[in-house]
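One structure is given here, and the rest of the page talks about it.
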Amino acid sequence: MAISLVLTTIIIVLFIVILMLLTIIYSLNKKNKYVDEANMWHKLAITDDLTGIYNRNAYNLYIEENRANIKKETRWIILFDVDNFKIINDTKGHLAGDLVLKNVAKLLLEIFSSCSYRVYRMGGDEFLVLAENVSEDEIIERLILIKRRFERNGEINLSKGYSLIKDNPEKAFRYADEMLYADKISKKKRNSSAENI
């Protein structure tokens with residue numbers, strides 16, 4: 001009788017331990033599923049659906065998270081805009097336009113591949129590269145490389161502008177945008193002059 005009481009107690013204790021372990025496993029699986037889901041939603045929130053690169057939301061989050069350190073490190077904003085993108089969409093269709101955007105994103109990721117750079121699609125046909133702790137000469141070298149690559153291709157051209165973030169990212173963005181716009185206007189004037197010759 002004493003042996004059966006001991007065996008019954010052992011069985012009950014084992015049963016309770018197994019139940020506790022199953023509860024812990026279930027809880028961990030549920031937590032892992034929650035973390036996986038949260039990671040998925042976070043990735044969707046900061047990734048451009050078409051190109052797979054960071055989006056404007058990711059840029060804004062990064063700037064806000066690093067605003068306190070802006071003066072401590074050298075940071076540059078480099079803006080790009082696809083020239084005549086509306087014409088591509090209107091004459092070749094939106095799928096062709098999507099392919100252009102994917103190719104631009106791919107090229108920018110390739111040219112700005114080191115950990116000093118982050119590539120974003122800001123919307124439409126506008127892209128941004130955030131550069132950290134690099135010199136202006138290095139940025140210019142990469143811009144020349146991009147120009148050469150697109151000249152070889154012949155179909156796509158990018159207007160560009162860049163600015164050093166001294167203490168105000170919004171001001172630097174505006175300056176880079178003004179430089180980009182000036183680049184775009186100068187190309188239109190050159191093309192217009194060439195057509196009149």
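Ordering of the structure tokens sets the chain letters (A, B, ...); residue numbers start at 1 within each chain; ligands are numbered from 1 in the order shown.
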Checklist entry - Quick one: DSSP helix (DSSP H, G or I) residues in segment 102-179 of chain A, as a PyMOL selection string? => result chain A and resi 102-111+136-153+169-179
Go ahead and save the residues from that selection, with N, CA and C atoms, as a short mmCIF file (atom, residue, chain, number, x, y, z; two decimals), in the first residue's frame.
data_model
loop_
_atom_site.label_atom_id
_atom_site.label_comp_id
_atom_site.auth_asym_id
_atom_site.auth_seq_id
_atom_site.Cartn_x
_atom_site.Cartn_y
_atom_site.Cartn_z
N LYS A 102 12.97 49.76 -59.84
CA LYS A 102 13.70 48.61 -59.28
C LYS A 102 15.16 48.64 -59.69
N ASN A 103 15.41 48.98 -60.96
CA ASN A 103 16.80 49.03 -61.46
C ASN A 103 17.59 50.17 -60.80
N VAL A 104 16.94 51.31 -60.59
CA VAL A 104 17.61 52.42 -59.91
C VAL A 104 17.95 52.02 -58.49
N ALA A 105 17.00 51.41 -57.79
CA ALA A 105 17.25 50.96 -56.40
C ALA A 105 18.40 49.96 -56.36
N LYS A 106 18.40 49.04 -57.30
CA LYS A 106 19.46 48.01 -57.35
C LYS A 106 20.83 48.67 -57.58
N LEU A 107 20.89 49.62 -58.49
CA LEU A 107 22.15 50.29 -58.78
C LEU A 107 22.63 51.11 -57.58
N LEU A 108 21.71 51.83 -56.95
CA LEU A 108 22.09 52.63 -55.78
C LEU A 108 22.61 51.74 -54.65
N LEU A 109 21.95 50.60 -54.45
CA LEU A 109 22.43 49.66 -53.42
C LEU A 109 23.82 49.13 -53.76
N GLU A 110 24.06 48.93 -55.05
CA GLU A 110 25.36 48.42 -55.49
C GLU A 110 26.46 49.48 -55.30
N ILE A 111 26.18 50.71 -55.72
CA ILE A 111 27.18 51.78 -55.65
C ILE A 111 27.42 52.22 -54.20
N GLU A 136 33.34 64.38 -48.83
CA GLU A 136 32.64 64.88 -50.00
C GLU A 136 33.26 64.31 -51.28
N ASP A 137 34.57 64.13 -51.28
CA ASP A 137 35.25 63.54 -52.44
C ASP A 137 34.73 62.13 -52.74
N GLU A 138 34.51 61.36 -51.69
CA GLU A 138 33.99 60.00 -51.88
C GLU A 138 32.58 60.04 -52.47
N ILE A 139 31.77 60.97 -52.00
CA ILE A 139 30.41 61.11 -52.55
C ILE A 139 30.49 61.48 -54.03
N ILE A 140 31.33 62.44 -54.37
CA ILE A 140 31.47 62.87 -55.76
C ILE A 140 31.95 61.71 -56.64
N GLU A 141 32.89 60.91 -56.16
CA GLU A 141 33.36 59.74 -56.92
C GLU A 141 32.20 58.79 -57.22
N ARG A 142 31.35 58.56 -56.23
CA ARG A 142 30.22 57.65 -56.44
C ARG A 142 29.18 58.26 -57.38
N LEU A 143 29.00 59.57 -57.32
CA LEU A 143 28.07 60.23 -58.24
C LEU A 143 28.57 60.13 -59.67
N ILE A 144 29.87 60.28 -59.87
CA ILE A 144 30.47 60.12 -61.21
C ILE A 144 30.29 58.69 -61.70
N LEU A 145 30.49 57.73 -60.81
CA LEU A 145 30.30 56.32 -61.16
C LEU A 145 28.86 56.05 -61.59
N ILE A 146 27.90 56.62 -60.87
CA ILE A 146 26.48 56.45 -61.23
C ILE A 146 26.23 57.04 -62.61
N LYS A 147 26.74 58.24 -62.85
CA LYS A 147 26.54 58.90 -64.14
C LYS A 147 27.09 58.04 -65.28
N ARG A 148 28.29 57.50 -65.09
CA ARG A 148 28.90 56.63 -66.13
C ARG A 148 28.06 55.39 -66.38
N ARG A 149 27.58 54.78 -65.31
CA ARG A 149 26.78 53.56 -65.46
C ARG A 149 25.50 53.83 -66.23
N PHE A 150 24.85 54.95 -65.95
CA PHE A 150 23.61 55.27 -66.65
C PHE A 150 23.87 55.73 -68.08
N GLU A 151 24.99 56.39 -68.32
CA GLU A 151 25.33 56.80 -69.68
C GLU A 151 25.54 55.57 -70.56
N ARG A 152 26.15 54.52 -69.98
CA ARG A 152 26.35 53.27 -70.73
C ARG A 152 25.00 52.67 -71.11
N ASN A 153 24.06 52.71 -70.17
CA ASN A 153 22.73 52.15 -70.39
C ASN A 153 21.96 52.99 -71.40
N PRO A 169 18.59 68.45 -40.22
CA PRO A 169 18.38 67.56 -41.37
C PRO A 169 17.38 68.11 -42.38
N GLU A 170 16.37 68.81 -41.89
CA GLU A 170 15.35 69.36 -42.79
C GLU A 170 15.96 70.43 -43.69
N LYS A 171 16.80 71.27 -43.14
CA LYS A 171 17.48 72.32 -43.92
C LYS A 171 18.42 71.68 -44.94
N ALA A 172 19.15 70.65 -44.53
CA ALA A 172 20.05 69.94 -45.46
C ALA A 172 19.26 69.29 -46.58
N PHE A 173 18.11 68.72 -46.25
CA PHE A 173 17.25 68.09 -47.25
C PHE A 173 16.79 69.14 -48.27
N ARG A 174 16.36 70.31 -47.78
CA ARG A 174 15.93 71.38 -48.69
C ARG A 174 17.06 71.81 -49.62
N TYR A 175 18.27 71.95 -49.07
CA TYR A 175 19.40 72.37 -49.89
C TYR A 175 19.72 71.31 -50.96
N ALA A 176 19.72 70.04 -50.56
CA ALA A 176 19.97 68.96 -51.53
C ALA A 176 18.89 68.95 -52.61
N ASP A 177 17.65 69.21 -52.20
CA ASP A 177 16.52 69.24 -53.13
C ASP A 177 16.66 70.41 -54.12
N GLU A 178 17.12 71.56 -53.63
CA GLU A 178 17.36 72.71 -54.51
C GLU A 178 18.47 72.41 -55.51
N MET A 179 19.52 71.73 -55.04
CA MET A 179 20.63 71.35 -55.92
C MET A 179 20.14 70.36 -56.98
#
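Distance check against Tyr54 of chain A using only C-alpha atoms: of A:Ile156, A:Gly123, A:Val100, A:Ile87, the minimum falls on A:Gly123.
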Item to check | All residues 7 Å or closer to Leu79 of chain A, only C-alpha atoms, same chain fewer than 2 positions away omitted, as a PyMOL selection string | outcome: chain A and resi 77+81+127-129+160-162+176-177+180
Checklist entry - Can you tell me, as a list in words, what residues are no more than 9 Å from Thr47 of chain A when counting only C-alpha atoms, ignoring any on the same chain fewer than 5 positions away? => result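 Final neighbour list, sorted by chain and number: His42, Gly52, Ile53, Tyr54, Asn55, Arg56, Asn57, Ala58, Tyr120 and Arg121 of chain A.
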I need the residues from that last selection saved to file as an mmCIF file, in the first residue's frame (with C-alpha atoms), if you can.
data_model
loop_
_atom_site.group_PDB
_atom_site.id
_atom_site.type_symbol
_atom_site.label_atom_id
_atom_site.label_comp_id
_atom_site.auth_asym_id
_atom_site.auth_seq_id
_atom_site.Cartn_x
_atom_site.Cartn_y
_atom_site.Cartn_z
ATOM 1 C CA HIS A 42 7.935 46.595 -38.482
ATOM 2 C CA GLY A 52 12.611 46.285 -51.206
ATOM 3 C CA ILE A 53 14.771 49.167 -49.923
ATOM 4 C CA TYR A 54 14.051 51.446 -46.969
ATOM 5 C CA ASN A 55 11.156 53.880 -47.378
ATOM 6 C CA ARG A 56 10.506 57.476 -46.271
ATOM 7 C CA ASN A 57 9.113 56.279 -42.939
ATOM 8 C CA ALA A 58 12.403 54.477 -42.237
ATOM 9 C CA TYR A 120 15.807 54.969 -49.297
ATOM 10 C CA ARG A 121 12.977 55.383 -51.778
#
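Between atom CA of His94 of chain A and atom CA of Asp49 of chain A there is a distance of 15.2 Å.
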Checklist entry - Suppose you want the space between atom CA of Glu126 of chain A and atom CA of Ile78 of chain A; what is it in Å? => result 10.7 Å
Checklist entry - In Å, how far is it from atom CA of Lys166 of chain A to atom CA of Ala131 of chain A? => result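 So the answer is 12.9 Å.
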Would you give me, as a short mmCIF file (atom, residue, chain, number, x, y, z; two decimals) with C-alpha atoms, in the first residue's frame, the residues in segment 7-105 of chain A that DSSP reads as strand (DSSP E)?
data_model
loop_
_atom_site.label_atom_id
_atom_site.label_comp_id
_atom_site.auth_asym_id
_atom_site.auth_seq_id
_atom_site.Cartn_x
_atom_site.Cartn_y
_atom_site.Cartn_z
CA TYR A 54 14.05 51.45 -46.97
CA ASN A 55 11.16 53.88 -47.38
CA ARG A 75 26.32 62.95 -42.31
CA TRP A 76 25.33 63.75 -45.89
CA ILE A 77 22.00 63.63 -47.68
CA ILE A 78 22.19 62.67 -51.36
CA LEU A 79 18.96 63.01 -53.35
CA PHE A 80 18.20 61.43 -56.71
CA ASP A 81 15.27 61.89 -59.06
CA VAL A 82 14.66 59.88 -62.24
#
